[in-house]
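What follows is the content of input_0.txt, which has compact mmCIF, C-alpha atoms and all ligand atoms:
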# COMPACT_ATOMS: atom_id res chain seq x y z
CA MET D 233 3.54 -6.19 12.63
CA LEU D 234 4.50 -3.00 10.80
CA VAL D 235 1.79 -0.36 10.41
CA ALA D 236 1.29 2.06 7.50
CA PRO D 237 -1.49 4.55 8.28
CA SER D 238 -3.36 5.70 5.16
CA ILE D 239 -3.81 9.47 5.21
CA LEU D 240 -6.97 9.07 3.10
CA SER D 241 -8.90 9.12 6.39
CA ALA D 242 -6.96 12.07 7.88
CA ASN D 243 -8.46 15.51 8.43
CA PHE D 244 -7.26 17.22 5.24
CA LEU D 245 -7.70 20.67 6.75
CA GLU D 246 -4.96 19.73 9.23
CA LEU D 247 -2.94 17.44 6.99
CA GLY D 248 0.54 18.54 8.10
CA LYS D 249 -0.30 18.01 11.76
CA GLU D 250 -1.98 14.69 11.02
CA VAL D 251 1.11 13.36 9.22
CA GLU D 252 3.36 14.51 12.07
CA SER D 253 1.02 12.92 14.62
CA ILE D 254 0.97 9.46 13.04
CA CYS D 255 4.75 9.51 12.60
CA LYS D 256 5.15 10.34 16.30
CA ALA D 257 2.51 7.77 17.25
CA GLY D 258 4.61 4.88 15.88
CA ALA D 259 3.73 4.59 12.20
CA ASP D 260 6.37 2.66 10.25
CA PHE D 261 5.40 4.11 6.86
CA VAL D 262 3.05 6.80 5.57
CA HIS D 263 0.64 5.19 3.09
CA LEU D 264 -0.44 7.48 0.23
CA ASP D 265 -3.43 6.50 -1.91
CA ILE D 266 -3.23 8.04 -5.38
CA MET D 267 -6.57 7.73 -7.21
CA ASP D 268 -7.26 9.14 -10.67
CA GLY D 269 -11.05 8.78 -11.06
CA HIS D 270 -10.48 6.21 -13.86
CA PHE D 271 -8.91 3.07 -12.42
CA VAL D 272 -11.07 3.66 -9.33
CA PRO D 273 -14.20 5.82 -8.99
CA ASN D 274 -12.59 8.41 -6.72
CA LEU D 275 -9.98 11.17 -6.82
CA THR D 276 -7.46 11.95 -4.11
CA PHE D 277 -4.33 14.05 -4.29
CA GLY D 278 -1.38 14.70 -6.56
CA MET D 279 2.08 16.22 -6.43
CA PRO D 280 1.25 19.66 -4.92
CA ILE D 281 -0.08 17.96 -1.80
CA LEU D 282 2.29 14.98 -1.72
CA SER D 283 5.40 17.12 -1.96
CA GLN D 284 4.21 18.98 1.16
CA VAL D 285 3.43 15.71 2.94
CA ALA D 286 6.91 14.41 2.07
CA LYS D 287 8.46 17.45 3.78
CA VAL D 288 6.80 16.78 7.16
CA ALA D 289 6.79 12.97 7.10
CA THR D 290 9.53 11.52 9.30
CA LYS D 291 8.75 7.96 8.16
CA PRO D 292 9.25 6.49 4.66
CA LEU D 293 6.52 6.95 2.06
CA ASP D 294 4.49 4.00 0.78
CA ILE D 295 2.79 5.06 -2.46
CA HIS D 296 -0.20 3.03 -3.71
CA LEU D 297 -1.05 3.94 -7.31
CA MET D 298 -4.72 3.36 -8.22
CA VAL D 299 -4.44 4.92 -11.66
CA GLU D 300 -4.45 4.33 -15.38
CA ASN D 301 -1.29 5.36 -17.26
CA VAL D 302 0.74 3.79 -14.46
CA ASP D 303 4.15 4.45 -16.00
CA PHE D 304 3.43 8.16 -16.26
CA PHE D 305 2.54 8.38 -12.56
CA VAL D 306 5.48 6.21 -11.50
CA ASP D 307 7.85 8.73 -13.08
CA TYR D 308 5.86 11.61 -11.68
CA PHE D 309 6.18 10.44 -8.05
CA LEU D 310 9.63 8.79 -8.03
CA PRO D 311 11.40 12.12 -7.33
CA LEU D 312 9.81 12.02 -3.86
CA LYS D 313 12.08 9.03 -3.15
CA PRO D 314 9.32 6.83 -1.71
CA ARG D 315 10.36 3.61 0.00
CA PHE D 316 7.67 1.62 -1.86
CA VAL D 317 5.82 2.23 -5.10
CA SER D 318 2.93 -0.22 -5.52
CA VAL D 319 1.34 -0.79 -8.93
CA HIS D 320 -1.80 -2.81 -9.70
CA ILE D 321 -1.25 -5.99 -11.71
CA GLU D 322 -4.70 -5.40 -13.26
CA GLU D 323 -3.51 -2.22 -14.97
CA VAL D 324 0.17 -2.60 -15.90
CA LYS D 325 0.92 -4.02 -19.36
CA HIS D 326 4.65 -4.67 -19.05
CA LEU D 327 5.02 -5.39 -15.38
CA HIS D 328 8.63 -6.51 -15.44
CA ARG D 329 9.66 -3.30 -17.20
CA THR D 330 7.75 -1.06 -14.79
CA ILE D 331 9.16 -2.85 -11.76
CA SER D 332 12.72 -2.74 -13.05
CA HIS D 333 12.34 0.98 -13.67
CA ILE D 334 11.10 1.65 -10.11
CA ARG D 335 14.09 -0.27 -8.72
CA SER D 336 16.55 1.53 -10.99
CA GLN D 337 15.41 4.84 -9.48
CA GLY D 338 16.09 3.71 -5.91
CA SER D 339 12.60 2.76 -4.68
CA SER D 340 11.31 -0.69 -3.82
CA PRO D 341 8.79 -2.04 -6.34
CA ALA D 342 5.60 -3.71 -5.13
CA ILE D 343 2.66 -5.32 -6.93
CA VAL D 344 -0.94 -4.88 -5.79
CA LEU D 345 -3.65 -7.53 -6.28
CA ASN D 346 -7.34 -6.67 -6.18
CA PRO D 347 -9.55 -8.98 -4.08
CA HIS D 348 -10.46 -11.19 -7.08
CA THR D 349 -6.92 -11.53 -8.49
CA SER D 350 -5.13 -14.79 -7.71
CA GLU D 351 -1.69 -14.84 -6.12
CA GLN D 352 -0.82 -17.43 -8.80
CA GLU D 353 -0.54 -14.51 -11.25
CA LEU D 354 2.72 -13.68 -9.47
CA GLN D 355 4.49 -16.98 -10.27
CA TYR D 356 6.92 -15.50 -12.79
CA ILE D 357 7.40 -12.04 -11.27
CA ILE D 358 7.58 -12.58 -7.50
CA GLN D 359 11.39 -12.87 -7.69
CA ASP D 360 11.58 -9.28 -8.89
CA VAL D 361 9.56 -7.43 -6.25
CA ASP D 362 10.19 -6.40 -2.64
CA MET D 363 6.54 -6.47 -1.56
CA VAL D 364 3.09 -7.70 -2.59
CA LEU D 365 0.11 -5.63 -1.49
CA LEU D 366 -3.12 -7.61 -1.14
CA MET D 367 -6.30 -5.54 -1.26
CA SER D 368 -8.83 -6.61 1.35
CA VAL D 369 -11.45 -4.15 -0.02
CA ASN D 370 -12.27 -3.04 -3.56
CA PRO D 371 -9.93 -0.07 -3.99
CA GLY D 372 -11.33 3.44 -4.10
CA PHE D 373 -12.57 4.35 -0.64
CA GLY D 374 -11.61 4.22 3.00
CA GLY D 375 -13.89 2.83 5.67
CA GLN D 376 -15.11 -0.31 3.82
CA SER D 377 -15.53 -3.77 5.34
CA PHE D 378 -12.75 -6.31 5.30
CA ILE D 379 -13.03 -9.10 2.67
CA SER D 380 -11.92 -12.16 4.61
CA SER D 381 -10.85 -14.27 1.60
CA VAL D 382 -7.60 -12.30 1.82
CA ILE D 383 -6.56 -14.58 4.71
CA PRO D 384 -6.20 -17.85 2.74
CA LYS D 385 -4.79 -15.77 -0.13
CA ALA D 386 -2.07 -14.36 2.14
CA GLN D 387 -1.26 -17.91 3.33
CA ASN D 388 -0.92 -19.15 -0.26
CA LEU D 389 1.16 -16.12 -1.16
CA LYS D 390 3.41 -16.73 1.83
CA ASN D 391 4.09 -20.27 0.52
CA LEU D 392 4.95 -18.91 -2.91
CA ILE D 393 7.23 -16.31 -1.32
CA LEU D 394 9.03 -18.92 0.79
CA GLN D 395 9.72 -20.94 -2.36
CA LYS D 396 10.73 -18.11 -4.65
CA ASN D 397 11.72 -14.92 -2.81
CA PRO D 398 11.83 -15.21 1.01
CA GLN D 399 12.76 -11.52 1.42
CA CYS D 400 9.51 -10.34 -0.17
CA LEU D 401 7.07 -8.65 2.24
CA ILE D 402 3.28 -9.01 2.33
CA GLU D 403 1.16 -5.92 2.96
CA VAL D 404 -2.65 -5.92 3.35
CA ASP D 405 -4.83 -2.86 2.73
CA GLY D 406 -8.49 -2.24 3.53
CA GLY D 407 -10.78 -2.72 6.50
CA VAL D 408 -7.92 -3.65 8.83
CA ASN D 409 -8.72 -3.32 12.54
CA ASP D 410 -8.06 -4.94 15.91
CA THR D 411 -10.50 -7.79 15.18
CA ASN D 412 -8.77 -9.13 12.03
CA ILE D 413 -5.13 -8.25 12.80
CA LEU D 414 -4.30 -11.54 14.51
CA ALA D 415 -5.55 -13.63 11.58
CA LEU D 416 -3.45 -11.44 9.26
CA LYS D 417 -0.36 -11.94 11.40
CA ASN D 418 -0.93 -15.69 11.51
CA ALA D 419 -1.31 -15.75 7.73
CA GLY D 420 2.19 -14.29 7.33
CA VAL D 421 1.38 -10.62 6.74
CA ASP D 422 4.26 -8.21 7.51
CA ILE D 423 2.67 -4.76 7.08
CA VAL D 424 -0.91 -3.55 7.42
CA VAL D 425 -2.37 -0.37 6.00
CA ALA D 426 -5.04 1.18 8.20
CA GLY D 427 -6.97 4.36 7.51
CA SER D 428 -10.25 4.73 9.35
CA PHE D 429 -9.23 2.47 12.25
CA ILE D 430 -6.39 4.86 13.14
CA PHE D 431 -7.79 8.25 12.17
CA ASP D 432 -11.23 7.61 13.71
CA ALA D 433 -9.53 6.79 17.03
CA ASN D 434 -9.08 9.50 19.66
CA ASP D 435 -5.60 8.26 20.45
CA TYR D 436 -3.52 7.40 17.34
CA LYS D 437 -0.74 5.79 19.39
CA LYS D 438 -3.17 3.45 21.13
CA ALA D 439 -4.72 2.46 17.80
CA ILE D 440 -1.31 1.79 16.19
CA ASP D 441 -0.09 -0.08 19.29
CA SER D 442 -3.19 -2.26 19.27
CA LEU D 443 -2.33 -3.39 15.72
CA LYS D 444 1.30 -3.99 16.62
C1 LIG Q 501 -8.53 1.91 -0.42
C2 LIG Q 501 -7.17 2.39 -0.01
C3 LIG Q 501 -6.84 2.17 1.41
C4 LIG Q 501 -7.76 2.86 2.38
C5 LIG Q 501 -7.79 2.05 3.63
O1 LIG Q 501 -8.65 2.01 -1.79
O2 LIG Q 501 -6.17 1.75 -0.78
O3 LIG Q 501 -5.49 2.47 1.68
O4 LIG Q 501 -7.39 4.16 2.69
O5 LIG Q 501 -8.74 2.60 4.47
P1 LIG Q 501 -9.45 1.73 5.60
O6 LIG Q 501 -8.39 1.26 6.54
O7 LIG Q 501 -10.40 2.70 6.23
O8 LIG Q 501 -10.16 0.59 4.92
ZN ZN Q 502 -4.04 1.96 -0.20

Have the structure of the file written as structure tokens, please.
Amino acid sequence: MLVAPSILSANFLELGKEVESICKAGADFVHLDIMDGHFVPNLTFGMPILSQVAKVATKPLDIHLMVENVDFFVDYFLPLKPRFVSVHIEEVKHLHRTISHIRSQGSSPAIVLNPHTSEQELQYIIQDVDMVLLMSVNPGFGGQSFISSVIPKAQNLKNLILQKNPQCLIEVDGGVNDTNILALKNAGVDIVVAGSFIFDANDYKKAIDSLK
């Protein structure tokens, strides 16, 4: 299992040290939650902070865009050369165009599904993405409880992926901890995002290892 700690739950007064710590503690990616106060009822951070984070991160960036005007923000953050840029299917009008653009700029495109959105929506686009991110909470906040219907959804998605694009990864985000990780693994999930489970722990390495 690959682990992408979400810095949403980090101590922002010590952000540089926090990013260094999770990278040293075995993080595979650094998950960055961009919220605009419109697509979700919360605001996080923008370029002035992310460009500093990118300088100290020794692991690839995994950007999760919870915003309106997706194409504007895609272009805004692509210069950071993130490994993944994830866009919500619920917000993007011309998904194929947005995804092709992300790929043309050297990042891996990913599509995010909210808890209520069916994996069947991906039938005609799954061939074109490198990852699908399944939300296991309603996006907007860290520290929420895990919505367990993501497990059968991940299994169904895995079947679709095996038929249409076996290279495509599955990532799950929200409420992930050491009690649901095994079910996620068994459902075919490749990467988990974890915020509060890691940053609330005294020992980040132990927390990351327990998920792995
Ligand atoms: C929620 C964010 C998540 C969040 C996860 O909208 O996308 O990445 O930080 O936090 P936890 O692991 O605490 O649910
Ligand atoms: Zn996220």

Quick one: residues within 9 Å of Ile383 (chain D), all atoms listed in the file, excluding same-chain residues fewer than 2 positions away - as an MDAnalysis selection string?
chainID D and resid 368 379:381 385:388 415:416 418:419

Ligand LIG 501 (chain Q) proximity check over D:Ala426, D:Leu345, D:Lys325, D:Asn412, using all atoms listed in the file: winner is D:Ala426

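Distance annotation: of D:Gln376, D:Asn301, D:Ser332, D:Asn397, the residue with the minimal separation from ligand ZN 502 (chain Q) is D:Gln376; atom set is only C-alpha atoms and all ligand atoms.
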
Would you tabulate, counting only C-alpha atoms and all ligand atoms, all residues of chain D that have an atom at most 7 Å from an atom of ligand ZN 502 (chain Q), showing the closest pair of atoms and their distance in Å to one decimal, sorted by chain then ascending number, as JSON lines?
{"residue": "D:Ser238", "atom": "CA", "partner": "Q:ZN502", "partner_atom": "ZN", "distance": 6.6}
{"residue": "D:His263", "atom": "CA", "partner": "Q:ZN502", "partner_atom": "ZN", "distance": 6.6}
{"residue": "D:Leu264", "atom": "CA", "partner": "Q:ZN502", "partner_atom": "ZN", "distance": 6.6}
{"residue": "D:Asp265", "atom": "CA", "partner": "Q:ZN502", "partner_atom": "ZN", "distance": 4.9}
{"residue": "D:His296", "atom": "CA", "partner": "Q:ZN502", "partner_atom": "ZN", "distance": 5.3}
{"residue": "D:Asp405", "atom": "CA", "partner": "Q:ZN502", "partner_atom": "ZN", "distance": 5.7}
{"residue": "D:Val425", "atom": "CA", "partner": "Q:ZN502", "partner_atom": "ZN", "distance": 6.8}

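Each of D:Ile331, D:Ala433, D:Val369, D:Leu401 was checked against ligand LIG 501 (chain Q) using all atoms listed in the file; the smallest atom-to-atom distance is that of D:Val369.
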
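Rounded to one decimal, atom O2 of ligand LIG 501 (chain Q) and CA of Pro273 (chain D) lie 12.2 Å from each other.
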
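Taking only C-alpha atoms and all ligand atoms into account, the protein and nucleic acid residues that come at most 6 Å from ligand LIG 501 (chain Q) are D:Ser238, D:Leu240, D:Asp265, D:Pro371, D:Gly372, D:Phe373, D:Gly374, D:Gly375, D:Gln376, D:Asp405, D:Gly406, D:Gly407, D:Val408, D:Ala426, D:Gly427, D:Ser428, D:Phe429.
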
Emit the selected residues as a PDB file, in the frame of the given file, including C-alpha atoms.
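File produced: out_31.pdb:
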ATOM      1  CA  SER D 238      -3.360   5.700   5.160  1.00  0.00           C
ATOM      2  CA  LEU D 240      -6.970   9.070   3.100  1.00  0.00           C
ATOM      3  CA  ASP D 265      -3.430   6.500  -1.910  1.00  0.00           C
ATOM      4  CA  PRO D 371      -9.930  -0.070  -3.990  1.00  0.00           C
ATOM      5  CA  GLY D 372     -11.330   3.440  -4.100  1.00  0.00           C
ATOM      6  CA  PHE D 373     -12.570   4.350  -0.640  1.00  0.00           C
ATOM      7  CA  GLY D 374     -11.610   4.220   3.000  1.00  0.00           C
ATOM      8  CA  GLY D 375     -13.890   2.830   5.670  1.00  0.00           C
ATOM      9  CA  GLN D 376     -15.110  -0.310   3.820  1.00  0.00           C
ATOM     10  CA  ASP D 405      -4.830  -2.860   2.730  1.00  0.00           C
ATOM     11  CA  GLY D 406      -8.490  -2.240   3.530  1.00  0.00           C
ATOM     12  CA  GLY D 407     -10.780  -2.720   6.500  1.00  0.00           C
ATOM     13  CA  VAL D 408      -7.920  -3.650   8.830  1.00  0.00           C
ATOM     14  CA  ALA D 426      -5.040   1.180   8.200  1.00  0.00           C
ATOM     15  CA  GLY D 427      -6.970   4.360   7.510  1.00  0.00           C
ATOM     16  CA  SER D 428     -10.250   4.730   9.350  1.00  0.00           C
ATOM     17  CA  PHE D 429      -9.230   2.470  12.250  1.00  0.00           C
TER      18      PHE D 429
END

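Pairwise distance (CA of Leu389 (chain D), CA of Val317 (chain D)) equals 19.3 Å.
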
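Residue nearest Asp260 (chain D) within the list D:Pro292, D:Phe305, D:Ser442, D:Arg335: D:Pro292 [criterion: smallest interatomic distance, only C-alpha atoms].
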